[in-house]
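The structure under discussion appears below in the form of structure tokens.
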Amino acid sequence: MIEKIYLANEGPYDASGIILDDLKKINYFFGSNGSGKTTISRAIDRSTTSSGCKLSWAGDSPLETRVYNKDFIENYFDAESNIKGIYTFGENVEIIRKIKILNCEEDEIKDKLLNLKKTLNGEYEVGGKLNERAVLELQFIDDLWDAKKKLENLKDAFTGVNNNKANFRDRYLVEASRNTSNLRGIAELQKEANKVYSSSLVRATTLTTHDDSEILRLEKAAILKKKIIGKDDVDIAALIEELRNSDWVQEGRKYFEKLEDQCPFCQQKTDAKFKQSIEAYFDESYVADLATIDHLTANYSKASKDLIEACSSSEIVESSYINQEAFFKDFTALKHDLHKNMEQIKAKKKEPSIPIILTDTSEKIALINYHIKVANNEIKENNETFDNLALKKSELASQVWRRMLEDSKPIYNRYKKEHGDLDKAITSLQHKIGAAKKNLELVQKEIRENEREITSIRPTIDSVNKLLKSFGFTNFHLKESTNCGFYEVKRENGSDAKRTLSEGEKSFITFLYFYHLIDGSFSPDGSTKDKIVVFDDPVSSLDSDILFVVSNLIRTIFSKMHSNASSVKQVFVLTHNTYFHKEITFDKNHSAKKIKRDEKFWVIRKTSQRSEVQSCEDNPIKSSYELLWREVRNRPPSDTNIQNAMRRILEYYFKFLGNITPDSIIAKFDGQDKMICGALLSWVNDGSHVTADDLYLVCTSSQVDRYLKVFQRIFEESDHGGHFKMMMGDDYVALPEELSG
């Protein structure tokens, strides 16, 4: 079945278009000539390839169509060639029974196929495994995108997929299948990213390391702990030791030598023996130890100065690879110890007899060296990165993706499971659909083979001629042509009747021809295929008796559809004939106020700009008189039909029901209103009842309102205002006081 029809920029339908949805098995369309009925029939026939015409099929399974409109008549009866034969069933009961069984089997497979497709594709773009998978895909994409935001500071690693969610998802799935990089922390990755993706990355110079072995050796020198005193076997030694003033005496020696044997402390003259004792006490060993102290002092001072200068150099102080705060703290502590040790060494030099122990600076020097070593390691990594930047970026990107995979593992695992389950279900459904299609093809092939055995074009000839004769069309008949597979229309004398048929004769025989095509085919097979049938104004030029026959034949199709005994699955009836519409929709078995569930009514209305299609809750055509009032009540009114609708109401109500003198009514109007009133009452001069299209008064949309007011006044001036109010119902609006009588 067709579920929806969309039409735009076709016939009288403008760019805004119309949508016919909620279509039923039987659909009735009522509209005036030129309103767009044939455009709808052509859309169903798919005789237009315009992008403005779209059909939506149930289960996405198009059916064959049989469309009766003026195109059908032109193609099969107005052409120069003979009429194409219609193949229908013969009398072989056994094969017909077999075909019916196969048809039932075909319907079962189609139902199964439709349900499988609904399960797979959903219905009306809702539900279905494919849609579930699509929704899952979209949710997965959004979830990954949200997870990516947690690594926003590492977005350089996602270069190429930062601006497209779908591309990011695709790359993610590739990484999930092959990424085996080391798992690193975000802080660690961020630190490396700051370096790898830095625009200021340059090659760095390795920091100079300092040899601290000399300082450490000097700090452990034995001389520092030694009590440096004179020779103990000299006679003066006992006195010096007792007084513990060896350093004092050694200091006085400098002045003793300058004063030429005069004691620098008591100013007394000493003898030669005292001088010999002093010199003997401070022997060469003592002097050598003092020299060692002097040498150590100089060396330690130089080593300390060199170390401090090295640690204070610009390459150290300005290096971004050193933790300056920690380095300065440790360096300050080292300088303090070096200064303290230097002071102690100086004290030792002044008082050699006092042993000293210097502060061990090895740990603090080791800390300084550690800072430099760490910095140099980073410089080495920096230089390796600089020298292999492309590789480093690739490795880092892979590690960032590995981090992304780890952090989003719950999202991926849930997606993978649900996606896998859906894939299995979809694959299973696709296999079942494929198998059902193959079974359907086999059954349909068998149906066609059986149809070929019993179909021929002869039964159609017999049936059409029987119907023609029964309704008084005896001066022409259908005959099999000498051209195999075709018909001819012949007179009783054997002459060709096709070109000389009256409009009524032509309309009736073309309808009968189409009617048999519904259950037939232009080929020996295909008669029982499911199909959609369209009747577009099939009663043109027919008198009332034949119109009644056509209506009954169409209702026979409806009856078979209701009992599921027909290959016709959906019907569209389009007409402008109210009598035919009433006949075709008549059902004695149900209330006129309630339509069947498989029926739908539509009204096509045309204004000067466009056509519109409105669905109706019930049958919109109660009577032709009520239909005319519906035109008057419609808002906005049709500026092409409203005048004739008003004229026909006046004609029916006043002329046929009487009680009006037209001249007396016209006399109550003045000016342009008088002219309008006269135009609306023009039936007085016609002398008889006329059809809806026999009088057309030129009226622009701006004049319609004036016509309506004059129309209302005609009723009120003739004392029939109550009837006008009743027929207008809720749409009734009283005229302004200045316009009323």
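Residue numbering restarts at 1 in every chain; chains get A, B, ... in the order shown in the structure tokens, and ligands count up from 1 in that same order.
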
Original post:
Contacts of Lys529 (chain A) at 12 Å or less, counting only C-alpha atoms, minus same-chain residues fewer than 3 places along, as an MDAnalysis selection string?
Top reply: chainID A and resid 62:66 99:100 102:104 106:107 110 440 443:445 447:448 451 517:521 525:526 532 566:569

So that I have them on file, write out the residues from the current selection with C-alpha atoms, as a tab-separated table (two decimals), in the first residue's frame.
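In the end it all went to again_39.tsv:
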chain	number	residue	atom	x	y	z
A	62	PRO	CA	6.06	-0.81	-4.33
A	63	LEU	CA	3.10	-2.56	-5.98
A	64	GLU	CA	1.89	-2.55	-9.55
A	65	THR	CA	-0.61	0.18	-10.37
A	66	ARG	CA	-3.67	0.23	-12.62
A	99	ILE	CA	-3.25	-20.56	-8.17
A	100	LYS	CA	-5.49	-19.51	-5.27
A	102	LEU	CA	-0.27	-20.33	-4.26
A	103	ASN	CA	-1.68	-16.82	-3.87
A	104	CYS	CA	-2.42	-17.55	-0.21
A	106	GLU	CA	2.42	-15.73	-1.55
A	107	ASP	CA	0.43	-13.51	0.84
A	110	LYS	CA	4.70	-11.28	1.93
A	440	LEU	CA	8.57	-15.53	-2.76
A	443	VAL	CA	6.09	-19.10	-5.49
A	444	GLN	CA	5.57	-16.19	-7.89
A	445	LYS	CA	7.37	-18.09	-10.62
A	447	ILE	CA	2.03	-18.72	-10.13
A	448	ARG	CA	3.17	-17.25	-13.46
A	451	GLU	CA	-1.26	-18.51	-15.17
A	517	LEU	CA	-7.41	-5.17	-16.78
A	518	ILE	CA	-7.68	-4.92	-12.99
A	519	ASP	CA	-7.90	-8.72	-12.70
A	520	GLY	CA	-5.92	-9.32	-15.85
A	521	SER	CA	-2.61	-8.49	-17.44
A	525	ASP	CA	1.19	-14.02	-16.45
A	526	GLY	CA	0.88	-11.48	-13.66
A	532	ILE	CA	-3.22	-0.56	-6.56
A	566	SER	CA	-8.93	-9.68	-4.41
A	567	SER	CA	-5.43	-8.89	-5.60
A	568	VAL	CA	-6.39	-5.21	-5.32
A	569	LYS	CA	-4.85	-3.90	-2.10

Original post:
Which residues, written as a list in words, have at least one atom at most 8 Å from Ile642 (chain A), with only C-alpha atoms counted and residues fewer than 5 positions away on the same chain left out?
Top reply: Glu631, Val632, Pro637 and Val704 of chain A

Subject >> Residue contacts of Tyr515 (chain A) (9 Å, only C-alpha atoms) excluding same-chain residues fewer than 5 positions away, as an MDAnalysis selection string >> reply: chainID A and resid 510 520 553:554

Subject >> Among listed residues A:Gly434, A:Gly36, A:Gly185, A:Gly494, nearest Met404 (chain A) (using only C-alpha atoms) >> reply: A:Gly185

Subject >> Contact residues around region 83-86 of chain A with only C-alpha atoms at 9 Å, ignoring same-chain residues under 3 positions, as a ChimeraX atom specification >> reply: /A:76-77,79,456-461,480-481,484-489,513,516-517,520-524

Wanna dump the region 132-232 of chain A-region 296-307 of chain A contacts at 7 Å for me, each residue with its shortest atom pair and the distance in Å to one decimal, counting only C-alpha atoms, ordered by chain and number, as JSON lines?
{"residue": "A:His210", "atom": "CA", "partner": "A:Leu307", "partner_atom": "CA", "distance": 6.8}
{"residue": "A:Glu214", "atom": "CA", "partner": "A:Ala303", "partner_atom": "CA", "distance": 6.9}
{"residue": "A:Ile215", "atom": "CA", "partner": "A:Ala303", "partner_atom": "CA", "distance": 6.1}
{"residue": "A:Leu218", "atom": "CA", "partner": "A:Tyr300", "partner_atom": "CA", "distance": 6.6}

**OP:** Would you please give, as a ChimeraX atom specification, all residues of region 617-653 of chain A that DSSP assigns to helix (DSSP H, G or I) based on the backbone?
**Re:** /A:624-633,642-653

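Across the model, the gap from CA of Lys150 (chain A) to CA of Ala166 (chain A) is 18.2 Å.
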
Original post:
Tyr415 (chain A): which residues within 9 Å, counting only C-alpha atoms, same-chain residues fewer than 3 positions away excluded, as an MDAnalysis selection string?
Top reply: chainID A and resid 136:137 140 410:412 418:420

Original post:
Which value, in Å to one decimal, gives the distance between CA of Asp537 (chain A) and CA of Asp22 (chain A)?
Top reply: 22.7 Å

**OP:** Counting only C-alpha atoms, figure out which residue out of A:Ala288, A:Val196, A:Leu173, A:Met727 gets nearest to Arg402 (chain A).
**Re:**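 So, comparing all the options, the nearest one is A:Leu173.
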
**OP:** Just give me the gap between CA of Ile356 (chain A) and CA of Ala333 (chain A) in Å, one decimal is fine.
**Re:**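 According to the coordinates, CA of Ile356 (chain A) and CA of Ala333 (chain A) are separated by 20.5 Å.
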
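Proximity to Ile322 (chain A) was assessed for A:Ile379, A:Ile365, A:Leu338, A:Ala645 counting only C-alpha atoms; the smallest distance is recorded for A:Ile379.
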
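For the set A:Asn619, A:Ile426, A:Arg610, A:Leu708, the residue with the smallest atom-to-atom gap to Ala15 (chain A) is A:Arg610, counting only C-alpha atoms.
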
Original post:
Which residue out of A:Asp423, A:Asp663, A:Asp536, A:Glu406 has the minimum interatomic distance to Asn179 (chain A) when only C-alpha atoms are used?
Top reply: A:Glu406
